[in-house]
Amino acid sequence: MTKEYKYTYKFSEQSVDVRCWEVQSDKKLTEEEMLEFGFSTDLKKEGSVYTDENVKATFIGTDYGDDGQIQIEQGEDDLISIDDDGEN
């Protein structure tokens, strides 16, 4: 027999991670080319380098966001607020 619960809450937490690259080239690049070279690096390894004949792309690293944002997706109306006395 499965227990039935009276309230269900769903929420998500997200933060912004920023990944950084440096792309150096002997010629002007299009935005598409710049992105392609940058994304050719190993995104899991800081300092990873991808080189082509006249291009060097370096994955500088990831700045992990610490400003997490909470979003309540279900059950917000059933939460007890700080001002409530806690009676159900």
# chains A, B, ... in the order shown; residues from 1 in each chain; ligands from 1
>>> residues_around(residues="region 16-28 of chain A", least_positions_apart="2", cutoff="9 Å", atoms="only C-alpha atoms", output="CSV table (one decimal) with N, CA and C atoms, in the first residue's frame")
chain,number,residue,atom,x,y,z
A,14,GLN,N,18.6,27.1,-9.6
A,14,GLN,CA,19.5,27.3,-10.8
A,14,GLN,C,20.4,28.5,-10.5
A,30,THR,N,35.0,34.8,-38.3
A,30,THR,CA,33.6,35.0,-38.2
A,30,THR,C,33.2,34.6,-36.7
A,34,MET,N,34.9,31.5,-34.5
A,34,MET,CA,35.4,31.7,-33.2
A,34,MET,C,34.7,30.8,-32.2
A,35,LEU,N,33.4,30.6,-32.3
A,35,LEU,CA,32.7,29.7,-31.4
A,35,LEU,C,33.2,28.2,-31.7
A,37,PHE,N,36.0,27.1,-32.8
A,37,PHE,CA,37.3,26.8,-32.3
A,37,PHE,C,37.3,26.7,-30.7
A,38,GLY,N,36.6,27.6,-30.1
A,38,GLY,CA,36.4,27.6,-28.7
A,38,GLY,C,35.8,26.3,-28.2
A,39,PHE,N,34.7,25.9,-28.8
A,39,PHE,CA,34.0,24.7,-28.4
A,39,PHE,C,34.8,23.4,-28.8
A,41,THR,N,37.7,22.9,-27.7
A,41,THR,CA,38.5,22.6,-26.5
A,41,THR,C,37.8,21.6,-25.6
A,43,LEU,N,35.9,21.0,-22.6
A,43,LEU,CA,35.1,21.9,-21.7
A,43,LEU,C,35.2,21.4,-20.3
A,54,ASN,N,46.4,28.2,-37.9
A,54,ASN,CA,46.7,29.6,-37.5
A,54,ASN,C,45.8,30.1,-36.4
A,55,VAL,N,45.3,29.1,-35.6
A,55,VAL,CA,44.4,29.5,-34.5
A,55,VAL,C,44.8,28.7,-33.3
A,56,LYS,N,44.6,29.4,-32.1
A,56,LYS,CA,44.8,28.7,-30.8
A,56,LYS,C,43.6,29.1,-30.0
A,57,ALA,N,42.9,28.1,-29.5
A,57,ALA,CA,41.8,28.4,-28.6
A,57,ALA,C,42.1,27.7,-27.2
A,58,THR,N,41.9,28.5,-26.2
A,58,THR,CA,42.1,28.0,-24.8
A,58,THR,C,40.9,28.1,-24.0
A,59,PHE,N,40.5,27.0,-23.3
A,59,PHE,CA,39.4,27.1,-22.4
A,59,PHE,C,39.9,27.6,-21.1
A,60,ILE,N,39.5,28.8,-20.7
A,60,ILE,CA,40.0,29.4,-19.5
A,60,ILE,C,39.5,28.8,-18.2
A,61,GLY,N,38.2,28.4,-18.3
A,61,GLY,CA,37.6,27.8,-17.1
A,61,GLY,C,36.2,28.2,-16.9
A,62,THR,N,35.6,27.7,-15.8
A,62,THR,CA,34.2,28.0,-15.5
A,62,THR,C,34.1,28.7,-14.2
A,63,ASP,N,33.3,29.7,-14.2
A,63,ASP,CA,33.0,30.4,-12.9
A,63,ASP,C,31.6,30.0,-12.5
A,64,TYR,N,31.6,29.2,-11.5
A,64,TYR,CA,30.3,28.6,-11.0
A,64,TYR,C,29.5,29.6,-10.2
A,65,GLY,N,28.3,29.8,-10.6
A,65,GLY,CA,27.4,30.7,-10.0
A,65,GLY,C,27.1,30.4,-8.6
A,66,ASP,N,27.1,31.4,-7.7
A,66,ASP,CA,26.8,31.1,-6.3
A,66,ASP,C,25.6,31.9,-5.9
A,67,ASP,N,24.9,32.5,-6.8
A,67,ASP,CA,23.7,33.2,-6.5
A,67,ASP,C,22.5,32.4,-7.0
A,68,GLY,N,22.3,31.3,-6.3
A,68,GLY,CA,21.2,30.4,-6.7
A,68,GLY,C,19.8,31.1,-6.6
>>> atom_distance(atom1="CA of Tyr5 (chain A)", atom2="CA of Gly75 (chain A)")
12.5 Å
>>> select_by_dssp(residues="chain A", states="alpha helix (DSSP H)", output="list in words")
Glu31, Glu32, Glu33, Met34, Leu35, Glu36, Phe37, Gly38 and Phe39 of chain A
>>> write_last_selection(atoms="C-alpha atoms", output="PDB file, in the first residue's frame")
ATOM      1  CA  GLU A  31      31.574  34.585 -34.983  1.00  0.00           C
ATOM      2  CA  GLU A  32      30.755  31.037 -36.074  1.00  0.00           C
ATOM      3  CA  GLU A  33      34.452  30.215 -36.547  1.00  0.00           C
ATOM      4  CA  MET A  34      35.371  31.748 -33.191  1.00  0.00           C
ATOM      5  CA  LEU A  35      32.709  29.666 -31.427  1.00  0.00           C
ATOM      6  CA  GLU A  36      33.691  26.518 -33.293  1.00  0.00           C
ATOM      7  CA  PHE A  37      37.340  26.846 -32.267  1.00  0.00           C
ATOM      8  CA  GLY A  38      36.439  27.617 -28.668  1.00  0.00           C
ATOM      9  CA  PHE A  39      34.011  24.713 -28.414  1.00  0.00           C
TER      10      PHE A  39
END
>>> select_by_dssp(residues="region 46-81 of chain A", states="strand (DSSP E)", output="VMD selection string")
chain A and resid 49 to 52 55 to 63 69 to 74
>>> atom_distance(atom1="CA of Glu4 (chain A)", atom2="CA of Ile70 (chain A)")
26.1 Å
>>> atom_distance(atom1="CA of Lys44 (chain A)", atom2="CA of Gln69 (chain A)")
24.2 Å
>>> residues_around(residues="Ile72 (chain A)", least_positions_apart="3", cutoff="9 Å", atoms="only C-alpha atoms", output="short mmCIF file (atom, residue, chain, number, x, y, z; two decimals) with N, CA and C atoms, in the first residue's frame")
data_model
loop_
_atom_site.label_atom_id
_atom_site.label_comp_id
_atom_site.auth_asym_id
_atom_site.auth_seq_id
_atom_site.Cartn_x
_atom_site.Cartn_y
_atom_site.Cartn_z
N TYR A 9 5.24 19.49 -2.94
CA TYR A 9 5.98 20.69 -3.31
C TYR A 9 7.01 20.30 -4.36
N LYS A 10 7.13 21.12 -5.38
CA LYS A 10 8.18 20.94 -6.37
C LYS A 10 8.90 22.26 -6.52
N PHE A 11 10.22 22.19 -6.56
CA PHE A 11 10.99 23.41 -6.76
C PHE A 11 12.27 23.10 -7.52
N SER A 12 12.85 24.14 -8.07
CA SER A 12 14.12 23.99 -8.77
C SER A 12 15.06 25.09 -8.31
N GLU A 13 16.34 24.81 -8.41
CA GLU A 13 17.37 25.78 -8.07
C GLU A 13 18.26 25.92 -9.29
N GLY A 75 2.84 23.93 -5.07
CA GLY A 75 2.61 23.90 -3.63
C GLY A 75 2.93 25.19 -2.89
N GLU A 76 3.23 26.25 -3.59
CA GLU A 76 3.60 27.50 -2.92
C GLU A 76 2.48 27.99 -2.00
#
